[in-house]
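Chemist: Pasting a structure below so you can have a look.
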Amino acid sequence: MRTVQWVRAHSVAMIAALALGFLFLPIVIVVLFSFNNPAGRYNFTWQGFTTHNWTHPCDVPGMCTAVGLSLKIGILSTIIATLLGTLIAFAITRHDFRGRSSTNLLIFLPMATPEVVMGSSLLALFINLNVSLGFTTILIAHIMFNISFVVVTVKARLQGLDRRLEQAAMDLYANEWQTFRRVTLPLVFPGILAAALLAFSLSFDDFIITNFNSGNTVTFPMFVWGAAQRGIPAQINVIGSLMFIGALVITLAVTFSGRRRAAR
Amino acid sequence: MTVAAPVAAATEGGPAPGRARSRGTRKSRWLPYWLLAPGTLWLTVFFIVPMVTLVGTSLQTGSLDAGYSLTWHWSNYTHTLSTYSSQFLRSLLYAGLATLAAIAIAYPLAYTIAFKSGRWKNLLLVLVIAPFFTSFLVRTLAWETILSDTGFVVRILRDVHIIGPDGRLLATPLAVVCGLTYNFLPFMTLPLYASLEKIDPRLIEAATDLYCTPFTAFRKVTWKLSMPGVVAGTLLTFIPAAGDYVNVQFLGSPQQQMIGNVIQSRFLVVNDYPGAAALSFSLMIVILVLVVAYVRRSGTEELV
């Protein structure tokens, strides 16, 4: 009887544990197969253990250049989109202006549009204007789809701010700029940081929109797409594993440093 | 709605301050427009204008060599839509199935994190998001490995005779829906978590105190109060799933082609720009209509 009761009390948690297993199954495979020593061109069956892929990640022609390019586009698009998006978030939460609802719609629409539509419409524009595709067109596209995500993330943080802190600063004779610099910005910063991290990961990982606007330029996702038709080197899994570990470390650090500060 | 925003909103809490009172000086009257200008200009030039160009392109005729020109050729729409109607319907079907599967998986997960996780809450949230920082394409390839004919899943299913000795999982609708479900799962989990987290557990206790069975209490209280999360999660899962072509490419076969595959190949391989543009704009319209109808019906206004 007791086991039956226990199972009933914990059934939801057990389903959740299964769901977590489902989430991590592919990650386990990615990491495991980064140590595989594949016999053919495809990395689908386990052949034998090797650390060669980890010690020689750049042996695959073109892959490390692609990773470098993705990093470069990711950093540039993150900086620009975070700046533009943060300005919009401040305008929306802190000011009254005409055209608020159309601005909200303009922010919402890119998030409600399938990537294939955004990618193809930008390509239609570039074709009609005879713009040659490459680094610049990818960067333009990434900034475009990142702006909305930055706005929403920073907005959430700004709306949670206690306005009385700023009023207190003003009461203590801080001028507007000092208040912004010493009070508002430090309080909003975690939101801006979260937005920047999100924007970077979206840009670094974007495939569909990039696929339409890259021409012959090869970012890391484009490299994987091409490799999937020709044969998949195990080094791709090394990069995949590194991305997972890097993201895990950064999110854990951000989450728990934020909590410690809150506890203090 | 983003991956991070609901979490941020849910964990911050705090008082919602009123909008700043405009002081009416010339400087502050123009300030919001200066703040808005660069970003909205970017979105207008690289999102709105391309949409208009897409419609223009969809009404052109011509060929790649001779060049295309605008001839208001509306039959591009009727022609492509009738040719690719099965791919179109399949996209909506697969995306719908993936969305339902995502609710089924994400709801218990979000529920456990919100109500049962105690001090592990933050760690669990990180664990739920972390897998999705591994490249989208790399994790879809991992599914290709898992579901492949020589993989352990197929071998077990063959051994227990759930599938025949030559049965496969790759190149079936099941594999494609599985991939779609997996890849967009955090977009379901996080909004669900954000709205479940806001529910006062005492409301559920009150329902059971008033002789609701646990199931009725769930149906009438928890589920109802989590509706904003269900609606947001459904949209955030359905929309990208309906336009996706990577999962079919890696996990499916030509028999499972979705509309994204058609748009991709007609634009980038066949270079039939007008036809591809017509399909792409039709997809946009269908999605918008579905979104508006769905949001109206579920009566959730606070999405943006």
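Chains: A, B, ... in order of the structure tokens. Residues: from 1 per chain. Ligands: from 1, in order shown.
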Per residue of chain A within 6 Å of chain B, what are the shortest atom pair and its distance in Å to one decimal, counting only C-alpha atoms, with rows by chain and residue number, as CSV?

Modeler:
```
residue,atom,partner,partner_atom,distance
A:Val12,CA,B:Pro108,CA,5.7
A:Ala13,CA,B:Thr112,CA,5.7
A:Ala16,CA,B:Leu109,CA,4.3
A:Ala19,CA,B:Ile105,CA,6.0
A:Pro26,CA,B:Ala142,CA,5.3
A:Val30,CA,B:Ala142,CA,6.0
A:Phe44,CA,B:Thr145,CA,5.1
A:Leu84,CA,B:Gly39,CA,4.8
A:Leu87,CA,B:Leu35,CA,5.0
A:Ile88,CA,B:Leu36,CA,4.9
A:Ala91,CA,B:Pro32,CA,4.9
A:Arg94,CA,B:Ala20,CA,5.2
A:His95,CA,B:Ala20,CA,5.8
A:Pro114,CA,B:Pro240,CA,5.3
A:Val116,CA,B:Gly243,CA,5.8
A:Val117,CA,B:Ser280,CA,5.4
A:Ser121,CA,B:Pro50,CA,4.9
A:Leu122,CA,B:Pro50,CA,5.1
A:Ala124,CA,B:Leu54,CA,5.8
A:Leu125,CA,B:Pro50,CA,5.2
A:Met144,CA,B:Leu43,CA,6.0
A:Thr153,CA,B:Ala5,CA,4.7
A:Ala156,CA,B:Ala9,CA,5.4
A:Gln159,CA,B:Ala16,CA,5.9
A:Gly160,CA,B:Gly14,CA,5.3
A:Asp205,CA,B:Ser135,CA,5.6
A:Gly240,CA,B:Thr134,CA,5.3
A:Met243,CA,B:Thr134,CA,5.4
A:Phe244,CA,B:Thr134,CA,4.8
A:Leu248,CA,B:Ala130,CA,5.6
```

Chemist: Return as number ranges by chain the full set of residues in segment 12-178 of chain B whose backbone-based DSSP assignment is helix (DSSP H, G or I).

Modeler: B: 12, 26-58, 75-83, 85-116, 118-133, 136-147, 152-159, 173-178

Chemist: With C-alpha atoms kept, could you save the residues just selected as a compact mmCIF listing (two decimals), in the first residue's frame?

Modeler:
```txt
# COMPACT_ATOMS: atom_id res chain seq x y z
CA GLU B 12 11.81 39.64 -10.16
CA ARG B 26 10.56 70.27 -25.01
CA LYS B 27 13.45 67.95 -24.20
CA SER B 28 11.38 65.20 -22.60
CA ARG B 29 8.68 65.44 -25.25
CA TRP B 30 11.15 64.48 -27.97
CA LEU B 31 13.30 62.13 -25.91
CA PRO B 32 11.16 58.98 -26.39
CA TYR B 33 11.27 59.43 -30.16
CA TRP B 34 15.06 59.76 -30.10
CA LEU B 35 15.24 56.56 -28.04
CA LEU B 36 12.86 54.73 -30.38
CA ALA B 37 14.21 55.98 -33.68
CA PRO B 38 17.28 53.78 -34.33
CA GLY B 39 15.69 50.45 -33.39
CA THR B 40 12.30 51.02 -34.99
CA LEU B 41 14.00 52.35 -38.13
CA TRP B 42 16.05 49.15 -38.31
CA LEU B 43 12.93 47.01 -37.90
CA THR B 44 11.03 49.04 -40.48
CA VAL B 45 13.77 48.85 -43.11
CA PHE B 46 14.72 45.21 -42.54
CA PHE B 47 11.39 43.69 -41.46
CA ILE B 48 8.43 45.72 -42.78
CA VAL B 49 9.96 46.76 -46.12
CA PRO B 50 11.07 43.17 -46.88
CA MET B 51 7.49 41.98 -46.23
CA VAL B 52 6.25 44.46 -48.83
CA THR B 53 9.01 43.35 -51.20
CA LEU B 54 7.97 39.73 -50.60
CA VAL B 55 4.42 40.53 -51.70
CA GLY B 56 5.80 42.38 -54.73
CA THR B 57 8.04 39.46 -55.63
CA SER B 58 5.13 37.02 -55.28
CA SER B 75 -2.16 33.07 -60.16
CA ASN B 76 1.25 32.54 -58.54
CA TYR B 77 -0.77 32.07 -55.37
CA THR B 78 -3.45 29.73 -56.73
CA HIS B 79 -0.89 27.74 -58.66
CA THR B 80 1.64 27.17 -55.85
CA LEU B 81 -0.99 26.68 -53.18
CA SER B 82 -2.77 23.98 -55.16
CA THR B 83 0.51 22.29 -56.08
CA SER B 85 -1.40 22.05 -50.54
CA SER B 86 -0.39 18.71 -49.00
CA GLN B 87 2.92 20.13 -47.71
CA PHE B 88 1.05 23.12 -46.35
CA LEU B 89 -1.51 21.02 -44.46
CA ARG B 90 1.22 18.66 -43.25
CA SER B 91 3.15 21.60 -41.75
CA LEU B 92 0.12 22.69 -39.77
CA LEU B 93 -0.61 19.11 -38.71
CA TYR B 94 2.95 18.31 -37.59
CA ALA B 95 3.29 21.65 -35.83
CA GLY B 96 -0.03 21.06 -34.06
CA LEU B 97 0.97 17.54 -32.96
CA ALA B 98 4.37 18.79 -31.78
CA THR B 99 2.66 21.55 -29.79
CA LEU B 100 0.34 19.06 -28.06
CA ALA B 101 3.25 16.75 -27.29
CA ALA B 102 5.21 19.71 -25.94
CA ILE B 103 2.35 20.63 -23.58
CA ALA B 104 2.18 17.01 -22.38
CA ILE B 105 5.92 16.96 -21.62
CA ALA B 106 6.44 20.54 -20.47
CA TYR B 107 3.44 20.82 -18.14
CA PRO B 108 4.54 18.22 -15.55
CA LEU B 109 8.06 19.62 -15.78
CA ALA B 110 6.99 23.24 -15.23
CA TYR B 111 4.54 22.14 -12.51
CA THR B 112 7.24 20.26 -10.62
CA ILE B 113 9.69 23.16 -10.86
CA ALA B 114 7.06 25.69 -9.76
CA PHE B 115 5.50 23.76 -6.85
CA LYS B 116 7.71 20.88 -5.79
CA GLY B 118 12.03 23.89 -3.24
CA ARG B 119 15.61 25.08 -3.17
CA TRP B 120 16.49 23.26 -6.41
CA LYS B 121 14.28 25.63 -8.40
CA ASN B 122 17.02 27.77 -9.93
CA LEU B 123 19.23 24.81 -10.74
CA LEU B 124 16.34 22.99 -12.43
CA LEU B 125 15.48 26.07 -14.49
CA VAL B 126 19.07 26.27 -15.72
CA LEU B 127 19.01 22.55 -16.54
CA VAL B 128 15.82 22.98 -18.55
CA ILE B 129 17.31 25.76 -20.69
CA ALA B 130 20.90 24.53 -20.97
CA PRO B 131 20.39 21.75 -23.58
CA PHE B 132 19.10 24.33 -26.01
CA PHE B 133 22.35 26.21 -26.12
CA PHE B 136 20.03 23.49 -33.02
CA LEU B 137 21.49 21.55 -35.95
CA VAL B 138 23.89 19.53 -33.80
CA ARG B 139 21.15 18.36 -31.45
CA THR B 140 18.90 17.47 -34.38
CA LEU B 141 21.79 15.41 -35.77
CA ALA B 142 21.99 13.75 -32.34
CA TRP B 143 18.36 12.73 -32.76
CA GLU B 144 19.30 11.31 -36.14
CA THR B 145 21.91 9.19 -34.33
CA ILE B 146 19.43 8.12 -31.62
CA LEU B 147 16.67 7.15 -34.05
CA PHE B 152 19.61 1.36 -29.55
CA VAL B 153 16.03 2.67 -29.71
CA VAL B 154 15.23 0.87 -32.96
CA ARG B 155 17.03 -2.27 -31.76
CA ILE B 156 14.96 -2.41 -28.53
CA LEU B 157 11.68 -1.72 -30.34
CA ARG B 158 12.49 -4.49 -32.84
CA ASP B 159 13.39 -6.93 -30.07
CA PRO B 173 6.30 11.27 -39.43
CA LEU B 174 6.93 10.15 -35.84
CA ALA B 175 10.62 11.07 -36.07
CA VAL B 176 9.84 14.49 -37.52
CA VAL B 177 7.21 15.29 -34.87
CA CYS B 178 9.60 14.04 -32.17
```

Chemist: When you look at Leu133 of chain A with a cut-off of 8 Å (counting only C-alpha atoms), what residues show up, excluding the ones that are within fewer than 2 positions of it in the same chain? I need them as a PyMOL selection string.

Modeler: chain A and resi 126+131+135-138+213-216

Chemist: Write to file, as a PDB file, in the first residue's frame, the residues of the selection just made, with N, CA and C atoms.

Modeler:
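File produced: again11.pdb:
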```pdb
ATOM      1  N   PHE A 126      16.955  41.909 -50.768  1.00  0.00           N
ATOM      2  CA  PHE A 126      18.346  41.985 -51.228  1.00  0.00           C
ATOM      3  C   PHE A 126      18.449  41.674 -52.721  1.00  0.00           C
ATOM      4  N   VAL A 131      21.774  43.581 -53.875  1.00  0.00           N
ATOM      5  CA  VAL A 131      22.801  43.567 -52.838  1.00  0.00           C
ATOM      6  C   VAL A 131      23.468  42.198 -52.859  1.00  0.00           C
ATOM      7  N   PHE A 135      28.717  38.609 -45.364  1.00  0.00           N
ATOM      8  CA  PHE A 135      28.860  39.010 -43.974  1.00  0.00           C
ATOM      9  C   PHE A 135      27.865  40.100 -43.587  1.00  0.00           C
ATOM     10  N   THR A 136      27.791  41.174 -44.391  1.00  0.00           N
ATOM     11  CA  THR A 136      26.945  42.313 -44.029  1.00  0.00           C
ATOM     12  C   THR A 136      25.471  41.931 -43.986  1.00  0.00           C
ATOM     13  N   THR A 137      25.017  41.162 -44.970  1.00  0.00           N
ATOM     14  CA  THR A 137      23.594  40.817 -44.992  1.00  0.00           C
ATOM     15  C   THR A 137      23.238  39.901 -43.810  1.00  0.00           C
ATOM     16  N   ILE A 138      24.163  39.002 -43.432  1.00  0.00           N
ATOM     17  CA  ILE A 138      23.898  38.149 -42.256  1.00  0.00           C
ATOM     18  C   ILE A 138      23.793  39.021 -41.017  1.00  0.00           C
ATOM     19  N   ASN A 213      20.267  34.304 -46.308  1.00  0.00           N
ATOM     20  CA  ASN A 213      20.963  35.570 -46.562  1.00  0.00           C
ATOM     21  C   ASN A 213      22.479  35.493 -46.530  1.00  0.00           C
ATOM     22  N   SER A 214      23.035  34.274 -46.587  1.00  0.00           N
ATOM     23  CA  SER A 214      24.488  34.171 -46.409  1.00  0.00           C
ATOM     24  C   SER A 214      25.245  34.110 -47.721  1.00  0.00           C
ATOM     25  N   GLY A 215      24.587  33.808 -48.862  1.00  0.00           N
ATOM     26  CA  GLY A 215      25.343  33.621 -50.100  1.00  0.00           C
ATOM     27  C   GLY A 215      26.309  32.464 -49.929  1.00  0.00           C
ATOM     28  N   ASN A 216      27.613  32.738 -50.154  1.00  0.00           N
ATOM     29  CA  ASN A 216      28.597  31.664 -49.985  1.00  0.00           C
ATOM     30  C   ASN A 216      29.324  31.729 -48.656  1.00  0.00           C
TER      31      ASN A 216
END
```

Chemist: What's around segment 219-225 of chain B at 12 Å? Count only C-alpha atoms, leave out sequence neighbours fewer than 6 positions away in its own chain, and write the answer as an mmCIF file with C-alpha atoms, in the first residue's frame.

Modeler:
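Output below, filename out.cif:
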```cif
data_model
loop_
_atom_site.group_PDB
_atom_site.id
_atom_site.type_symbol
_atom_site.label_atom_id
_atom_site.label_comp_id
_atom_site.auth_asym_id
_atom_site.auth_seq_id
_atom_site.Cartn_x
_atom_site.Cartn_y
_atom_site.Cartn_z
ATOM 1 C CA ILE B 103 2.350 20.627 -23.579
ATOM 2 C CA TYR B 107 3.435 20.821 -18.144
ATOM 3 C CA PRO B 108 4.539 18.217 -15.553
ATOM 4 C CA TYR B 111 4.543 22.140 -12.507
ATOM 5 C CA ALA B 114 7.062 25.688 -9.756
ATOM 6 C CA PHE B 115 5.501 23.763 -6.850
ATOM 7 C CA LEU B 192 4.174 27.606 -18.478
ATOM 8 C CA TYR B 193 6.554 27.907 -15.544
ATOM 9 C CA ALA B 194 6.116 31.688 -15.428
ATOM 10 C CA SER B 195 2.338 31.471 -15.107
ATOM 11 C CA LEU B 196 2.292 28.416 -12.797
ATOM 12 C CA GLU B 197 4.744 30.143 -10.494
ATOM 13 C CA LYS B 198 2.330 33.020 -9.969
ATOM 14 C CA ILE B 199 -0.486 30.740 -8.734
ATOM 15 C CA ASP B 200 -1.155 30.929 -5.010
ATOM 16 C CA PRO B 201 -1.049 27.272 -3.798
ATOM 17 C CA ARG B 202 -3.714 28.158 -1.219
ATOM 18 C CA LEU B 203 -6.246 28.462 -4.050
ATOM 19 C CA ILE B 204 -5.660 24.808 -4.943
ATOM 20 C CA GLU B 205 -5.866 23.838 -1.243
ATOM 21 C CA ALA B 206 -9.111 25.753 -0.946
ATOM 22 C CA ALA B 207 -10.554 23.792 -3.864
ATOM 23 C CA THR B 208 -9.636 20.441 -2.301
ATOM 24 C CA CYS B 212 -12.817 18.848 -5.172
ATOM 25 C CA THR B 213 -10.970 15.699 -6.157
ATOM 26 C CA VAL B 231 -1.432 30.270 -24.824
ATOM 27 C CA SER B 298 -8.593 32.072 -25.262
ATOM 28 C CA GLY B 299 -9.138 35.673 -24.221
ATOM 29 C CA THR B 300 -5.568 36.416 -23.253
#
```

Chemist: Going by DSSP on the backbone, which bits of segment 11-112 of chain B are strand (DSSP E)? Write them as JSON, numbers by chain, please.

Modeler: {"B": [60, 61, 62, 63, 67, 68, 69, 70]}

Chemist: For atom CA of Leu251 of chain B and atom CA of Gly179 of chain B, quote the distance in Å rounded to one decimal.

Modeler: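 We find that atom CA of Leu251 of chain B and atom CA of Gly179 of chain B lie 7.4 Å from each other.
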
Chemist: Set the distance at 10 Å and use only C-alpha atoms: which residues neighbour Asn104 of chain A once local chain neighbours fewer than 2 positions away are removed? I'd like the list as a list in words.

Modeler: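 My reading of the contact set: Ile88, Ile92, Gly99, Arg100, Ser101, Ser102, Leu106, Ile107, Phe108, Leu109, Ser148 and Val151 of chain A; Val304 of chain B.
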
Chemist: Please save N, CA and C atoms of the selected residues as a PDB file, in the first residue's frame.

Modeler:
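Output saved as result-v8.pdb:
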```pdb
ATOM      1  N   ILE A  88      14.836  51.244 -26.943  1.00  0.00           N
ATOM      2  CA  ILE A  88      13.385  51.106 -27.147  1.00  0.00           C
ATOM      3  C   ILE A  88      12.699  50.735 -25.828  1.00  0.00           C
ATOM      4  N   ILE A  92       9.650  52.722 -24.054  1.00  0.00           N
ATOM      5  CA  ILE A  92       8.325  52.131 -23.832  1.00  0.00           C
ATOM      6  C   ILE A  92       7.918  52.159 -22.358  1.00  0.00           C
ATOM      7  N   GLY A  99       1.779  56.697 -30.693  1.00  0.00           N
ATOM      8  CA  GLY A  99       2.259  55.574 -31.506  1.00  0.00           C
ATOM      9  C   GLY A  99       2.772  54.426 -30.656  1.00  0.00           C
ATOM     10  N   ARG A 100       2.387  54.400 -29.382  1.00  0.00           N
ATOM     11  CA  ARG A 100       2.846  53.327 -28.505  1.00  0.00           C
ATOM     12  C   ARG A 100       2.368  51.950 -28.992  1.00  0.00           C
ATOM     13  N   SER A 101       1.081  51.871 -29.377  1.00  0.00           N
ATOM     14  CA  SER A 101       0.579  50.543 -29.731  1.00  0.00           C
ATOM     15  C   SER A 101       1.182  50.053 -31.046  1.00  0.00           C
ATOM     16  N   SER A 102       1.430  50.973 -32.000  1.00  0.00           N
ATOM     17  CA  SER A 102       2.054  50.505 -33.241  1.00  0.00           C
ATOM     18  C   SER A 102       3.511  50.105 -32.985  1.00  0.00           C
ATOM     19  N   LEU A 106       5.143  46.520 -33.762  1.00  0.00           N
ATOM     20  CA  LEU A 106       6.382  46.379 -34.538  1.00  0.00           C
ATOM     21  C   LEU A 106       7.394  45.489 -33.800  1.00  0.00           C
ATOM     22  N   ILE A 107       7.372  45.544 -32.460  1.00  0.00           N
ATOM     23  CA  ILE A 107       8.266  44.692 -31.669  1.00  0.00           C
ATOM     24  C   ILE A 107       7.768  43.251 -31.671  1.00  0.00           C
ATOM     25  N   PHE A 108       6.421  43.092 -31.597  1.00  0.00           N
ATOM     26  CA  PHE A 108       5.839  41.754 -31.457  1.00  0.00           C
ATOM     27  C   PHE A 108       5.915  40.945 -32.751  1.00  0.00           C
ATOM     28  N   LEU A 109       5.664  41.623 -33.885  1.00  0.00           N
ATOM     29  CA  LEU A 109       5.545  40.900 -35.153  1.00  0.00           C
ATOM     30  C   LEU A 109       6.747  40.010 -35.504  1.00  0.00           C
ATOM     31  N   SER A 148      13.835  42.607 -31.037  1.00  0.00           N
ATOM     32  CA  SER A 148      12.608  42.330 -30.286  1.00  0.00           C
ATOM     33  C   SER A 148      12.894  41.569 -29.000  1.00  0.00           C
ATOM     34  N   VAL A 151      14.326  43.909 -26.440  1.00  0.00           N
ATOM     35  CA  VAL A 151      13.311  44.818 -25.899  1.00  0.00           C
ATOM     36  C   VAL A 151      12.504  44.113 -24.809  1.00  0.00           C
TER      37      VAL A 151
ATOM     38  N   VAL B 304       2.012  40.643 -25.207  1.00  0.00           N
ATOM     39  CA  VAL B 304       3.201  41.408 -25.576  1.00  0.00           C
ATOM     40  C   VAL B 304       3.804  42.048 -24.334  1.00  0.00           C
TER      41      VAL B 304
END
```

Chemist: Using atom CA of Ala66 of chain A and atom CA of Phe223 of chain A as the two end points, give the distance in Å to one decimal.

Modeler: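 Going from atom CA of Ala66 of chain A over to atom CA of Phe223 of chain A covers 6.7 Å.
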